[in-house]
Every structure is written in structure tokens, then in C-alpha cells.
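> Handing over my_file18.pdb, PDB, C-alpha atoms, pLDDT in the B column.
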```pdb
ATOM      1  CA  MET V 234      32.367 -30.448 -72.668  1.00 37.00           C
ATOM      2  CA  LYS V 235      32.284 -30.177 -68.910  1.00 47.00           C
ATOM      3  CA  ILE V 236      30.665 -26.770 -68.995  1.00 64.00           C
ATOM      4  CA  LEU V 237      27.223 -28.347 -68.962  1.00 78.00           C
ATOM      5  CA  THR V 238      25.508 -29.042 -65.676  1.00 89.00           C
ATOM      6  CA  THR V 239      24.572 -32.710 -65.271  1.00 95.00           C
ATOM      7  CA  CYS V 240      21.291 -33.901 -63.766  1.00 96.00           C
ATOM      8  CA  LYS V 241      23.099 -34.952 -60.625  1.00 95.00           C
ATOM      9  CA  GLU V 242      24.638 -31.505 -60.233  1.00 95.00           C
ATOM     10  CA  ALA V 243      21.352 -29.832 -61.106  1.00 97.00           C
ATOM     11  CA  SER V 244      19.567 -31.855 -58.440  1.00 97.00           C
ATOM     12  CA  GLU V 245      22.173 -30.742 -55.900  1.00 96.00           C
ATOM     13  CA  LEU V 246      21.752 -27.112 -56.898  1.00 97.00           C
ATOM     14  CA  LEU V 247      17.967 -27.382 -56.748  1.00 98.00           C
ATOM     15  CA  SER V 248      18.251 -28.800 -53.257  1.00 98.00           C
ATOM     16  CA  GLN V 249      20.798 -26.198 -52.129  1.00 98.00           C
ATOM     17  CA  SER V 250      18.680 -23.375 -53.503  1.00 97.00           C
ATOM     18  CA  GLN V 251      16.349 -24.206 -50.614  1.00 97.00           C
ATOM     19  CA  ASP V 252      19.190 -23.653 -48.159  1.00 97.00           C
ATOM     20  CA  ARG V 253      21.402 -20.883 -49.514  1.00 96.00           C
ATOM     21  CA  PRO V 254      21.453 -18.291 -52.284  1.00 97.00           C
ATOM     22  CA  LEU V 255      23.066 -19.703 -55.420  1.00 97.00           C
ATOM     23  CA  SER V 256      25.889 -17.845 -57.141  1.00 96.00           C
ATOM     24  CA  LEU V 257      25.240 -16.206 -60.472  1.00 96.00           C
ATOM     25  CA  ALA V 258      27.208 -18.880 -62.301  1.00 94.00           C
ATOM     26  CA  GLU V 259      25.272 -21.622 -60.563  1.00 95.00           C
ATOM     27  CA  LYS V 260      21.993 -19.964 -61.454  1.00 95.00           C
ATOM     28  CA  PHE V 261      23.002 -19.730 -65.107  1.00 94.00           C
ATOM     29  CA  GLY V 262      24.124 -23.325 -65.259  1.00 94.00           C
ATOM     30  CA  LEU V 263      20.972 -24.476 -63.547  1.00 96.00           C
ATOM     31  CA  SER V 264      18.507 -22.540 -65.662  1.00 96.00           C
ATOM     32  CA  ALA V 265      20.246 -23.619 -68.856  1.00 95.00           C
ATOM     33  CA  HIS V 266      19.973 -27.200 -67.702  1.00 96.00           C
ATOM     34  CA  LEU V 267      16.327 -26.878 -66.685  1.00 97.00           C
ATOM     35  CA  LEU V 268      15.417 -25.519 -70.103  1.00 96.00           C
ATOM     36  CA  MET V 269      16.469 -28.805 -71.629  1.00 94.00           C
ATOM     37  CA  CYS V 270      15.579 -31.256 -68.904  1.00 96.00           C
ATOM     38  CA  ALA V 271      11.998 -32.143 -67.954  1.00 97.00           C
ATOM     39  CA  GLY V 272      13.172 -34.655 -65.336  1.00 97.00           C
ATOM     40  CA  CYS V 273      14.980 -31.967 -63.347  1.00 98.00           C
ATOM     41  CA  ARG V 274      12.077 -29.557 -63.767  1.00 98.00           C
ATOM     42  CA  ASN V 275       9.836 -32.191 -62.219  1.00 97.00           C
ATOM     43  CA  PHE V 276      12.363 -32.753 -59.468  1.00 98.00           C
ATOM     44  CA  GLY V 277      12.407 -29.024 -58.661  1.00 98.00           C
ATOM     45  CA  LYS V 278       8.623 -28.919 -58.362  1.00 97.00           C
ATOM     46  CA  GLN V 279       8.657 -32.009 -56.188  1.00 97.00           C
ATOM     47  CA  LEU V 280      11.171 -30.452 -53.794  1.00 98.00           C
ATOM     48  CA  ALA V 281       8.865 -27.479 -53.355  1.00 97.00           C
ATOM     49  CA  PHE V 282       6.005 -29.884 -52.749  1.00 97.00           C
ATOM     50  CA  ILE V 283       7.994 -31.809 -50.139  1.00 97.00           C
ATOM     51  CA  ARG V 284       8.779 -28.610 -48.284  1.00 96.00           C
ATOM     52  CA  ALA V 285       5.112 -27.649 -48.305  1.00 95.00           C
ATOM     53  CA  ALA V 286       4.117 -31.144 -47.206  1.00 94.00           C
ATOM     54  CA  MET V 287       6.393 -31.024 -44.150  1.00 90.00           C
ATOM     55  CA  LYS V 288       4.647 -27.829 -43.027  1.00 85.00           C
ATOM     56  CA  ARG V 289       1.248 -29.224 -43.830  1.00 87.00           C
ATOM     57  CA  TYR V 290       1.964 -32.381 -41.883  1.00 84.00           C
ATOM     58  CA  LEU V 291       2.196 -30.342 -38.690  1.00 78.00           C
ATOM     59  CA  GLU V 292      -0.826 -28.201 -39.513  1.00 74.00           C
ATOM     60  CA  ARG V 293      -2.879 -31.346 -39.763  1.00 69.00           C
ATOM     61  CA  GLY V 294      -1.907 -32.142 -36.199  1.00 53.00           C
ATOM     62  CA  ALA V 295      -3.181 -28.770 -35.066  1.00 46.00           C
ATOM     63  CA  SER V 296      -6.708 -29.412 -36.219  1.00 43.00           C
ATOM     64  CA  GLY V 297      -6.720 -32.894 -34.739  1.00 40.00           C
ATOM     65  CA  ARG V 298      -7.096 -36.057 -36.741  1.00 38.00           C
TER      66      ARG V 298
ATOM     67  CA  MET X 266     -12.097 -16.084 -28.782  1.00 43.00           C
ATOM     68  CA  THR X 267      -9.116 -17.036 -26.695  1.00 44.00           C
ATOM     69  CA  ALA X 268      -7.282 -13.822 -26.206  1.00 46.00           C
ATOM     70  CA  PRO X 269      -3.738 -14.903 -25.472  1.00 48.00           C
ATOM     71  CA  GLY X 270      -2.793 -14.020 -21.985  1.00 45.00           C
ATOM     72  CA  ALA X 271      -6.419 -13.992 -20.902  1.00 42.00           C
ATOM     73  CA  ASN X 272      -6.686 -15.479 -17.502  1.00 44.00           C
ATOM     74  CA  ASN X 273      -8.665 -18.600 -18.309  1.00 45.00           C
ATOM     75  CA  GLY X 274      -6.446 -21.320 -16.952  1.00 52.00           C
ATOM     76  CA  ASP X 275      -4.279 -23.684 -18.957  1.00 70.00           C
ATOM     77  CA  ALA X 276      -6.978 -25.356 -21.000  1.00 74.00           C
ATOM     78  CA  ASP X 277      -6.256 -23.051 -23.907  1.00 82.00           C
ATOM     79  CA  LEU X 278      -2.648 -24.208 -23.878  1.00 86.00           C
ATOM     80  CA  GLU X 279      -3.646 -27.865 -23.739  1.00 87.00           C
ATOM     81  CA  GLN X 280      -5.313 -27.642 -27.135  1.00 88.00           C
ATOM     82  CA  PHE X 281      -1.880 -27.277 -28.711  1.00 90.00           C
ATOM     83  CA  ARG X 282      -0.529 -30.455 -27.198  1.00 91.00           C
ATOM     84  CA  GLY X 283      -1.262 -32.535 -30.302  1.00 88.00           C
ATOM     85  CA  TYR X 284       0.511 -30.110 -32.567  1.00 89.00           C
ATOM     86  CA  LEU X 285       3.510 -29.794 -30.265  1.00 92.00           C
ATOM     87  CA  MET X 286       3.723 -33.548 -29.873  1.00 91.00           C
ATOM     88  CA  ARG X 287       3.826 -34.077 -33.617  1.00 87.00           C
ATOM     89  CA  TYR X 288       6.479 -31.417 -33.930  1.00 87.00           C
ATOM     90  CA  ALA X 289       8.639 -32.945 -31.197  1.00 89.00           C
ATOM     91  CA  LEU X 290       8.206 -36.493 -32.513  1.00 87.00           C
ATOM     92  CA  LEU X 291       9.457 -35.528 -35.943  1.00 84.00           C
ATOM     93  CA  GLN X 292      12.667 -34.323 -34.438  1.00 82.00           C
ATOM     94  CA  LEU X 293      13.216 -36.628 -31.474  1.00 83.00           C
ATOM     95  CA  ARG X 294      11.697 -39.818 -32.910  1.00 81.00           C
ATOM     96  CA  ASP X 295      11.055 -41.120 -29.472  1.00 83.00           C
ATOM     97  CA  GLU X 296       7.660 -41.044 -27.850  1.00 88.00           C
ATOM     98  CA  SER X 297       8.781 -40.496 -24.276  1.00 89.00           C
ATOM     99  CA  ALA X 298      11.457 -37.958 -25.153  1.00 88.00           C
ATOM    100  CA  ALA X 299       8.862 -36.064 -27.171  1.00 90.00           C
ATOM    101  CA  GLU X 300       6.355 -36.200 -24.316  1.00 93.00           C
ATOM    102  CA  ASN X 301       8.986 -34.839 -21.947  1.00 92.00           C
ATOM    103  CA  ALA X 302       9.812 -31.954 -24.216  1.00 92.00           C
ATOM    104  CA  VAL X 303       6.145 -31.091 -24.709  1.00 94.00           C
ATOM    105  CA  GLN X 304       5.425 -31.339 -21.001  1.00 93.00           C
ATOM    106  CA  GLU X 305       8.353 -29.060 -20.165  1.00 92.00           C
ATOM    107  CA  THR X 306       7.157 -26.641 -22.808  1.00 93.00           C
ATOM    108  CA  LEU X 307       3.639 -26.426 -21.435  1.00 93.00           C
ATOM    109  CA  LEU X 308       4.985 -26.007 -17.905  1.00 91.00           C
ATOM    110  CA  ALA X 309       7.338 -23.268 -18.981  1.00 91.00           C
ATOM    111  CA  ALA X 310       4.462 -21.631 -20.843  1.00 90.00           C
ATOM    112  CA  VAL X 311       2.233 -21.607 -17.779  1.00 88.00           C
ATOM    113  CA  LYS X 312       5.028 -20.084 -15.701  1.00 87.00           C
ATOM    114  CA  GLY X 313       6.099 -17.650 -18.343  1.00 84.00           C
ATOM    115  CA  ARG X 314       2.650 -16.573 -19.329  1.00 82.00           C
ATOM    116  CA  ALA X 315       3.156 -13.034 -18.152  1.00 78.00           C
ATOM    117  CA  GLY X 316       6.079 -12.767 -20.538  1.00 75.00           C
ATOM    118  CA  PHE X 317       3.923 -13.538 -23.557  1.00 79.00           C
ATOM    119  CA  SER X 318       3.621 -10.309 -25.473  1.00 76.00           C
ATOM    120  CA  GLY X 319       0.665 -11.272 -27.610  1.00 77.00           C
ATOM    121  CA  LYS X 320       2.543 -10.088 -30.676  1.00 75.00           C
ATOM    122  CA  SER X 321       2.691 -13.589 -32.130  1.00 79.00           C
ATOM    123  CA  SER X 322       0.113 -16.341 -32.032  1.00 87.00           C
ATOM    124  CA  VAL X 323       0.024 -18.612 -29.004  1.00 88.00           C
ATOM    125  CA  ARG X 324       1.099 -21.528 -31.168  1.00 89.00           C
ATOM    126  CA  THR X 325       4.125 -19.670 -32.484  1.00 88.00           C
ATOM    127  CA  TRP X 326       5.056 -18.730 -28.966  1.00 90.00           C
ATOM    128  CA  LEU X 327       4.737 -22.329 -27.733  1.00 92.00           C
ATOM    129  CA  THR X 328       6.659 -23.638 -30.731  1.00 90.00           C
ATOM    130  CA  GLY X 329       9.462 -21.220 -29.922  1.00 88.00           C
ATOM    131  CA  ILE X 330       9.720 -22.639 -26.414  1.00 91.00           C
ATOM    132  CA  LEU X 331       9.529 -26.198 -27.711  1.00 92.00           C
ATOM    133  CA  LYS X 332      12.415 -25.586 -30.126  1.00 88.00           C
ATOM    134  CA  HIS X 333      14.654 -24.732 -27.190  1.00 87.00           C
ATOM    135  CA  LYS X 334      13.515 -27.792 -25.282  1.00 89.00           C
ATOM    136  CA  ILE X 335      14.232 -29.998 -28.289  1.00 87.00           C
ATOM    137  CA  ILE X 336      17.681 -28.539 -28.767  1.00 82.00           C
ATOM    138  CA  ASP X 337      18.410 -29.073 -25.063  1.00 82.00           C
ATOM    139  CA  GLN X 338      17.276 -32.647 -25.400  1.00 81.00           C
ATOM    140  CA  LEU X 339      19.410 -33.180 -28.509  1.00 76.00           C
ATOM    141  CA  ARG X 340      22.444 -31.792 -26.731  1.00 74.00           C
ATOM    142  CA  ARG X 341      21.842 -34.092 -23.812  1.00 77.00           C
ATOM    143  CA  THR X 342      21.521 -37.120 -26.081  1.00 72.00           C
ATOM    144  CA  ALA X 343      24.583 -36.089 -28.031  1.00 65.00           C
ATOM    145  CA  ARG X 344      26.571 -35.952 -24.813  1.00 67.00           C
ATOM    146  CA  GLU X 345      25.254 -39.227 -23.443  1.00 67.00           C
ATOM    147  CA  GLN X 346      25.357 -41.224 -26.650  1.00 58.00           C
ATOM    148  CA  PRO X 347      27.332 -39.565 -29.416  1.00 56.00           C
ATOM    149  CA  LEU X 348      25.938 -40.617 -32.768  1.00 53.00           C
ATOM    150  CA  ALA X 349      26.802 -44.237 -32.805  1.00 48.00           C
ATOM    151  CA  GLY X 350      28.762 -46.691 -34.850  1.00 48.00           C
ATOM    152  CA  SER X 351      26.068 -47.483 -37.375  1.00 55.00           C
ATOM    153  CA  ASP X 352      26.805 -44.009 -38.663  1.00 65.00           C
ATOM    154  CA  ALA X 353      29.409 -44.971 -41.198  1.00 70.00           C
ATOM    155  CA  GLU X 354      27.150 -47.726 -42.384  1.00 72.00           C
ATOM    156  CA  ASP X 355      24.177 -45.389 -42.776  1.00 73.00           C
ATOM    157  CA  ASP X 356      26.380 -43.002 -44.623  1.00 75.00           C
ATOM    158  CA  ARG X 357      27.529 -45.660 -47.024  1.00 77.00           C
ATOM    159  CA  SER X 358      24.089 -47.036 -47.730  1.00 77.00           C
ATOM    160  CA  GLU X 359      22.774 -43.524 -48.302  1.00 80.00           C
ATOM    161  CA  ALA X 360      25.583 -42.693 -50.661  1.00 81.00           C
ATOM    162  CA  GLU X 361      24.754 -45.881 -52.526  1.00 82.00           C
ATOM    163  CA  LEU X 362      21.126 -44.886 -52.781  1.00 81.00           C
ATOM    164  CA  VAL X 363      22.083 -41.574 -54.349  1.00 83.00           C
ATOM    165  CA  ASP X 364      24.506 -43.265 -56.714  1.00 83.00           C
ATOM    166  CA  ALA X 365      21.814 -45.661 -57.840  1.00 88.00           C
ATOM    167  CA  LEU X 366      19.576 -42.758 -58.813  1.00 92.00           C
ATOM    168  CA  PHE X 367      22.077 -41.506 -61.371  1.00 93.00           C
ATOM    169  CA  VAL X 368      24.070 -43.181 -64.088  1.00 91.00           C
ATOM    170  CA  GLU X 369      27.758 -42.587 -64.606  1.00 87.00           C
ATOM    171  CA  ASN X 370      27.481 -39.537 -66.824  1.00 89.00           C
ATOM    172  CA  GLY X 371      25.335 -37.795 -64.219  1.00 92.00           C
ATOM    173  CA  HIS X 372      21.955 -38.378 -65.846  1.00 94.00           C
ATOM    174  CA  TRP X 373      19.010 -39.743 -63.883  1.00 96.00           C
ATOM    175  CA  SER X 374      18.790 -43.488 -64.219  1.00 93.00           C
ATOM    176  CA  GLU X 375      15.056 -42.848 -64.246  1.00 93.00           C
ATOM    177  CA  PRO X 376      14.160 -39.166 -64.717  1.00 95.00           C
ATOM    178  CA  PRO X 377      11.515 -37.971 -62.227  1.00 96.00           C
ATOM    179  CA  ALA X 378       8.080 -38.072 -63.831  1.00 96.00           C
ATOM    180  CA  SER X 379       5.522 -35.373 -63.138  1.00 96.00           C
ATOM    181  CA  TRP X 380       3.357 -35.738 -60.035  1.00 96.00           C
ATOM    182  CA  GLY X 381       0.549 -33.733 -61.614  1.00 94.00           C
ATOM    183  CA  SER X 382      -1.143 -31.665 -58.920  1.00 94.00           C
ATOM    184  CA  PRO X 383       0.338 -33.294 -55.835  1.00 95.00           C
ATOM    185  CA  GLU X 384      -1.347 -30.803 -53.462  1.00 94.00           C
ATOM    186  CA  ARG X 385      -4.565 -32.726 -53.994  1.00 94.00           C
ATOM    187  CA  SER X 386      -3.052 -35.506 -51.926  1.00 94.00           C
ATOM    188  CA  PHE X 387      -3.053 -33.219 -48.886  1.00 93.00           C
ATOM    189  CA  GLU X 388      -6.704 -34.074 -48.457  1.00 91.00           C
ATOM    190  CA  ASN X 389      -6.043 -37.775 -48.530  1.00 92.00           C
ATOM    191  CA  ARG X 390      -5.507 -39.541 -45.257  1.00 90.00           C
ATOM    192  CA  GLN X 391      -3.637 -42.428 -46.837  1.00 93.00           C
ATOM    193  CA  PHE X 392      -1.189 -40.008 -48.380  1.00 94.00           C
ATOM    194  CA  TRP X 393      -0.150 -38.895 -44.914  1.00 91.00           C
ATOM    195  CA  GLU X 394       0.370 -42.478 -43.839  1.00 90.00           C
ATOM    196  CA  ALA X 395       2.695 -42.979 -46.790  1.00 92.00           C
ATOM    197  CA  PHE X 396       4.399 -39.685 -45.986  1.00 92.00           C
ATOM    198  CA  GLU X 397       4.992 -40.724 -42.408  1.00 87.00           C
ATOM    199  CA  ILE X 398       6.456 -44.073 -43.453  1.00 89.00           C
ATOM    200  CA  CYS X 399       8.751 -42.376 -45.953  1.00 91.00           C
ATOM    201  CA  ALA X 400       9.924 -39.783 -43.427  1.00 87.00           C
ATOM    202  CA  ARG X 401      10.828 -42.555 -40.996  1.00 83.00           C
ATOM    203  CA  LEU X 402      12.854 -44.449 -43.562  1.00 84.00           C
ATOM    204  CA  MET X 403      15.659 -41.923 -43.386  1.00 84.00           C
ATOM    205  CA  PRO X 404      18.590 -42.763 -41.148  1.00 82.00           C
ATOM    206  CA  ALA X 405      18.355 -40.947 -37.809  1.00 80.00           C
ATOM    207  CA  LYS X 406      21.152 -38.504 -38.426  1.00 82.00           C
ATOM    208  CA  THR X 407      19.881 -37.475 -41.840  1.00 87.00           C
ATOM    209  CA  ALA X 408      16.372 -37.084 -40.492  1.00 86.00           C
ATOM    210  CA  ARG X 409      17.678 -34.908 -37.685  1.00 85.00           C
ATOM    211  CA  VAL X 410      19.322 -32.490 -40.083  1.00 90.00           C
ATOM    212  CA  PHE X 411      16.313 -32.499 -42.384  1.00 92.00           C
ATOM    213  CA  VAL X 412      13.862 -31.730 -39.595  1.00 88.00           C
ATOM    214  CA  MET X 413      16.118 -29.041 -38.134  1.00 89.00           C
ATOM    215  CA  ARG X 414      16.006 -27.377 -41.522  1.00 93.00           C
ATOM    216  CA  GLU X 415      12.427 -27.984 -42.651  1.00 92.00           C
ATOM    217  CA  VAL X 416      10.495 -28.028 -39.416  1.00 86.00           C
ATOM    218  CA  MET X 417      12.558 -26.003 -36.970  1.00 85.00           C
ATOM    219  CA  GLU X 418      13.563 -23.748 -39.854  1.00 88.00           C
ATOM    220  CA  LEU X 419      17.117 -23.351 -38.646  1.00 90.00           C
ATOM    221  CA  THR X 420      19.636 -22.019 -41.154  1.00 93.00           C
ATOM    222  CA  THR X 421      22.443 -24.199 -42.449  1.00 94.00           C
ATOM    223  CA  GLU X 422      24.872 -22.202 -40.272  1.00 93.00           C
ATOM    224  CA  GLU X 423      22.837 -22.876 -37.146  1.00 91.00           C
ATOM    225  CA  ILE X 424      22.626 -26.585 -37.933  1.00 91.00           C
ATOM    226  CA  CYS X 425      26.372 -26.804 -38.557  1.00 90.00           C
ATOM    227  CA  LYS X 426      27.109 -25.077 -35.308  1.00 89.00           C
ATOM    228  CA  GLU X 427      24.727 -27.274 -33.374  1.00 85.00           C
ATOM    229  CA  LEU X 428      25.989 -30.554 -34.826  1.00 85.00           C
ATOM    230  CA  GLY X 429      29.595 -29.629 -35.458  1.00 87.00           C
ATOM    231  CA  ILE X 430      29.523 -30.444 -39.167  1.00 89.00           C
ATOM    232  CA  THR X 431      30.597 -28.416 -42.198  1.00 93.00           C
ATOM    233  CA  ALA X 432      28.148 -26.554 -44.421  1.00 94.00           C
ATOM    234  CA  THR X 433      29.020 -28.834 -47.321  1.00 94.00           C
ATOM    235  CA  HIS X 434      28.263 -31.912 -45.273  1.00 92.00           C
ATOM    236  CA  CYS X 435      25.007 -30.357 -44.218  1.00 94.00           C
ATOM    237  CA  TRP X 436      23.978 -29.694 -47.834  1.00 95.00           C
ATOM    238  CA  VAL X 437      24.890 -33.218 -48.839  1.00 94.00           C
ATOM    239  CA  MET X 438      22.713 -34.611 -46.062  1.00 93.00           C
ATOM    240  CA  LEU X 439      19.795 -32.363 -46.939  1.00 96.00           C
ATOM    241  CA  HIS X 440      20.073 -33.351 -50.581  1.00 96.00           C
ATOM    242  CA  ARG X 441      20.072 -37.029 -49.665  1.00 93.00           C
ATOM    243  CA  ALA X 442      17.120 -36.576 -47.357  1.00 94.00           C
ATOM    244  CA  ARG X 443      15.105 -34.906 -50.101  1.00 96.00           C
ATOM    245  CA  LEU X 444      16.116 -37.472 -52.701  1.00 95.00           C
ATOM    246  CA  SER X 445      15.144 -40.347 -50.467  1.00 92.00           C
ATOM    247  CA  LEU X 446      11.834 -38.783 -49.468  1.00 94.00           C
ATOM    248  CA  ARG X 447      11.059 -38.042 -53.113  1.00 95.00           C
ATOM    249  CA  GLU X 448      11.965 -41.529 -54.188  1.00 93.00           C
ATOM    250  CA  CYS X 449       9.865 -43.126 -51.491  1.00 93.00           C
ATOM    251  CA  LEU X 450       6.808 -40.940 -52.182  1.00 95.00           C
ATOM    252  CA  ASP X 451       7.182 -41.668 -55.863  1.00 95.00           C
ATOM    253  CA  VAL X 452       7.125 -45.409 -55.272  1.00 92.00           C
ATOM    254  CA  LYS X 453       4.589 -45.511 -52.465  1.00 92.00           C
ATOM    255  CA  TRP X 454       2.196 -42.882 -53.641  1.00 94.00           C
ATOM    256  CA  PHE X 455       2.572 -41.004 -56.885  1.00 93.00           C
ATOM    257  CA  GLY X 456       3.735 -43.892 -58.993  1.00 84.00           C
ATOM    258  CA  LYS X 457       0.683 -45.924 -58.142  1.00 58.00           C
ATOM    259  CA  SER X 458      -1.929 -44.243 -60.321  1.00 48.00           C
TER     260      SER X 458
END
```
Go through the file and emit its structure as C-alpha cells.


Amino acid sequence: MKILTTCKEASELLSQSQDRPLSLAEKFGLSAHLLMCAGCRNFGKQLAFIRAAMKRYLERGASGR
Amino acid sequence: MTAPGANNGDADLEQFRGYLMRYALLQLRDESAAENAVQETLLAAVKGRAGFSGKSSVRTWLTGILKHKIIDQLRRTAREQPLAGSDAEDDRSEAELVDALFVENGHWSEPPASWGSPERSFENRQFWEAFEICARLMPAKTARVFVMREVMELTTEEICKELGITATHCWVMLHRARLSLRECLDVKWFGKS
């Protein structure tokens, strides 16, 4: 049953969704996986947080330490 | 009230030095290289002041100049010392790190646990210390790609062109960078409570 997206693949797709538009098939595979997998849902949220943190890190510099 | 373009000397540009320095350091990882880039940026800004349209904020304008200076610097370094021999080694140890995060069937060896409301950590000074340490843990080449993407906000295509790598390679490196940063923050910060 290799039609299911694994966590490793899902993590790659979550990462790539920050860099390029995913294909329809990829989106389907990913959302199906996320429905069943709390670990990958957490990972997705954490990626968004990391992106925000990188921006925030610089903003901090602007207002001085 | 510092109207951009107002003729009040360069003091209003100086206030951005800290921000620019942080920006340059993330990418160049070298204090003196970063200082050079920032200095060149401020000089160019003073000279090019008349060209500032006032359509964007002063900081955005300065950051735009700095990006070019950083890319120039990166090109120079790339020419003088093409990414060195430790490369293959970095690549291997990074690949191993990723492998260790997953078991053979592609499941997480330890599924990521929730971080709750991580934004609260933004207010915490110690969080930023941990963040800085984690960001520096990445191998230089990975960090370069990551910062080009996340800080300089270049597209994958632009990064590929600049570094002469394929899009796939670029995505792999970005994925590794994010995994390693996540892992490190998890251990150093979020796992602690």
C-alpha cells in the first residue's frame, strides 16, 4: 500500500509548501496524512513558527536589545 | 518624525545599523565581513539618497541595498574559496541526522509534540539565545541556503541560480535546515517545560 504518504514524505511536503506550490496530488496526499497524524500536524505548525521567528529575530534587532 | 529624504544628515540612517548588522551576520556569519557589507550599504545610501523615492520605508530601502552587498560578498567568497572539502562530510552528517529522525517505514522515530503557544517565547530573552545557538549549529552551506530563503526572501529559482544547484537539492537543504532547527529548539527550549 504505497499510496499512503509517510511521515517523512509529509514532512518534506510541508517544508516544500513554504517554497513552491504543491501539486493537487501532493496536496491530497498531504491533507489525508495530516488528518490521521498529530505528529505531522505539530510539525507543520512548528515550521510556520520557525519562519515567523526568523523574521522576529531581525525585528528585535531593530528596536535594540 | 524622520521624513525619509529629509535633509537631516546621516544620523537617521545610523539608527538602522543594528538591524542591518544582524541581517548581514545571519547570512555571512563573519563579523568583519558583515561590518563591511553594512558599512558599504550605509555609504551607498548616503550617496544614493536622492534616488530614494520614499515609496517604501527607509529600512526596506536599506535592506534592499544590503541584499546586493551580501550577494556581492558571497560571490567574492565563492570565487576565492569555493565551498570547501568539509562539504561532503557536512552533507553526510546532515543526511544521518535526518535519517535518525525517522524509522525505516517513514514514521517519526519520535513524533513532534505540540509546542503549545510558542509565540509567547518571543518575549523571552533566553529563547532568543537558544534560537541563536540553534541557528548556528547548521553547517555553513545549509545555513546559507536557509537564510537566503527565509531572511533575504529569495525564491528557490534565485537561490539555485546564485549557487548553481538544482531545485531539488535546494529543497532538500531547506528541509534539513528546518528539521535541524526544529529539533534543536525542541531539545533546548520547548522540551524543557

> Which of these residues is nearest to chain V, using all atoms listed in the file: X:Asp337, X:Glu359, X:Glu279, X:Glu427?

X:Glu279

> Taking the file as shown, what set of residues would the ChimeraX specification (/V :<6) & /X give back, as an MDAnalysis selection string?

chainID X and resid 283:284 371:372 376:377 379 440

> Would you compute the distance between CA of Glu296 in chain X and CA of Cys449 in chain X? Give it in Å to one decimal.

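Computing the Euclidean distance for CA of Glu296 in chain X and CA of Cys449 in chain X yields 23.8 Å.
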
> If you take every atom of range 263-275 of chain V that the file lists and fit an axis-aligned box around them with 8 Å extra on each side, what centre and edge lengths come out in Å to one decimal, as lines of an AutoDock Vina configuration file?


```
center_x = 15.4
center_y = -28.6
center_z = -66.9
size_x = 27.1
size_y = 28.1
size_z = 25.4
```

> Name the residues that the PyMOL selection byres ((chain X and resi 404-421) around 9) picks from the file above, as a PDB file with C-alpha atoms, in the coordinates of the input, using the file's chain letters and numbers.


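So result-v8.pdb came out as:
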```pdb
ATOM      1  CA  ASP V 252      19.190 -23.653 -48.159  1.00 97.00           C
ATOM      2  CA  ARG V 253      21.402 -20.883 -49.514  1.00 96.00           C
ATOM      3  CA  ARG V 284       8.779 -28.610 -48.284  1.00 96.00           C
ATOM      4  CA  MET V 287       6.393 -31.024 -44.150  1.00 90.00           C
ATOM      5  CA  LYS V 288       4.647 -27.829 -43.027  1.00 85.00           C
ATOM      6  CA  LEU V 291       2.196 -30.342 -38.690  1.00 78.00           C
TER       7      LEU V 291
ATOM      8  CA  TYR X 288       6.479 -31.417 -33.930  1.00 87.00           C
ATOM      9  CA  LEU X 291       9.457 -35.528 -35.943  1.00 84.00           C
ATOM     10  CA  GLN X 292      12.667 -34.323 -34.438  1.00 82.00           C
ATOM     11  CA  LEU X 293      13.216 -36.628 -31.474  1.00 83.00           C
ATOM     12  CA  ARG X 294      11.697 -39.818 -32.910  1.00 81.00           C
ATOM     13  CA  THR X 328       6.659 -23.638 -30.731  1.00 90.00           C
ATOM     14  CA  LYS X 332      12.415 -25.586 -30.126  1.00 88.00           C
ATOM     15  CA  LEU X 348      25.938 -40.617 -32.768  1.00 53.00           C
ATOM     16  CA  ASP X 352      26.805 -44.009 -38.663  1.00 65.00           C
ATOM     17  CA  ASP X 355      24.177 -45.389 -42.776  1.00 73.00           C
ATOM     18  CA  ASP X 356      26.380 -43.002 -44.623  1.00 75.00           C
ATOM     19  CA  GLU X 359      22.774 -43.524 -48.302  1.00 80.00           C
ATOM     20  CA  ALA X 400       9.924 -39.783 -43.427  1.00 87.00           C
ATOM     21  CA  ARG X 401      10.828 -42.555 -40.996  1.00 83.00           C
ATOM     22  CA  LEU X 402      12.854 -44.449 -43.562  1.00 84.00           C
ATOM     23  CA  MET X 403      15.659 -41.923 -43.386  1.00 84.00           C
ATOM     24  CA  GLU X 422      24.872 -22.202 -40.272  1.00 93.00           C
ATOM     25  CA  GLU X 423      22.837 -22.876 -37.146  1.00 91.00           C
ATOM     26  CA  ILE X 424      22.626 -26.585 -37.933  1.00 91.00           C
ATOM     27  CA  CYS X 425      26.372 -26.804 -38.557  1.00 90.00           C
ATOM     28  CA  LYS X 426      27.109 -25.077 -35.308  1.00 89.00           C
ATOM     29  CA  LEU X 428      25.989 -30.554 -34.826  1.00 85.00           C
ATOM     30  CA  ALA X 432      28.148 -26.554 -44.421  1.00 94.00           C
ATOM     31  CA  CYS X 435      25.007 -30.357 -44.218  1.00 94.00           C
ATOM     32  CA  TRP X 436      23.978 -29.694 -47.834  1.00 95.00           C
ATOM     33  CA  MET X 438      22.713 -34.611 -46.062  1.00 93.00           C
ATOM     34  CA  LEU X 439      19.795 -32.363 -46.939  1.00 96.00           C
ATOM     35  CA  ARG X 441      20.072 -37.029 -49.665  1.00 93.00           C
ATOM     36  CA  ALA X 442      17.120 -36.576 -47.357  1.00 94.00           C
ATOM     37  CA  ARG X 443      15.105 -34.906 -50.101  1.00 96.00           C
TER      38      ARG X 443
END
```

> Quick one: pull the distance between CA of Lys334 in chain X and CA of Gly319 in chain X, Å, one decimal.

21.1 Å

> Figure out the distance between CA of Val311 in chain X and CA of Asp275 in chain X, please, to one decimal in Å.

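The value is 6.9 Å.
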
> Which one of X:Val452, X:Pro383, X:Asn370, X:Ala395 sits closest to Leu237 in chain V if you count all atoms listed in the file?

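Nearest candidate to Leu237 in chain V out of X:Val452, X:Pro383, X:Asn370, X:Ala395: X:Asn370.
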
> May I have the residues within 10 Å of Ala309 in chain X as a list in words, using only C-alpha atoms and disregarding those fewer than 5 positions away in the same chain?

Val303, Gln304, Arg314, Leu327, Ile330, Leu331 and Lys334 of chain X

> The selected residues should be written to file as a PDB file, in the frame of the given file (atoms: C-alpha atoms).


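Full text of again.pdb as output:
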```pdb
ATOM      1  CA  VAL X 303       6.145 -31.091 -24.709  1.00 94.00           C
ATOM      2  CA  GLN X 304       5.425 -31.339 -21.001  1.00 93.00           C
ATOM      3  CA  ARG X 314       2.650 -16.573 -19.329  1.00 82.00           C
ATOM      4  CA  LEU X 327       4.737 -22.329 -27.733  1.00 92.00           C
ATOM      5  CA  ILE X 330       9.720 -22.639 -26.414  1.00 91.00           C
ATOM      6  CA  LEU X 331       9.529 -26.198 -27.711  1.00 92.00           C
ATOM      7  CA  LYS X 334      13.515 -27.792 -25.282  1.00 89.00           C
TER       8      LYS X 334
END
```
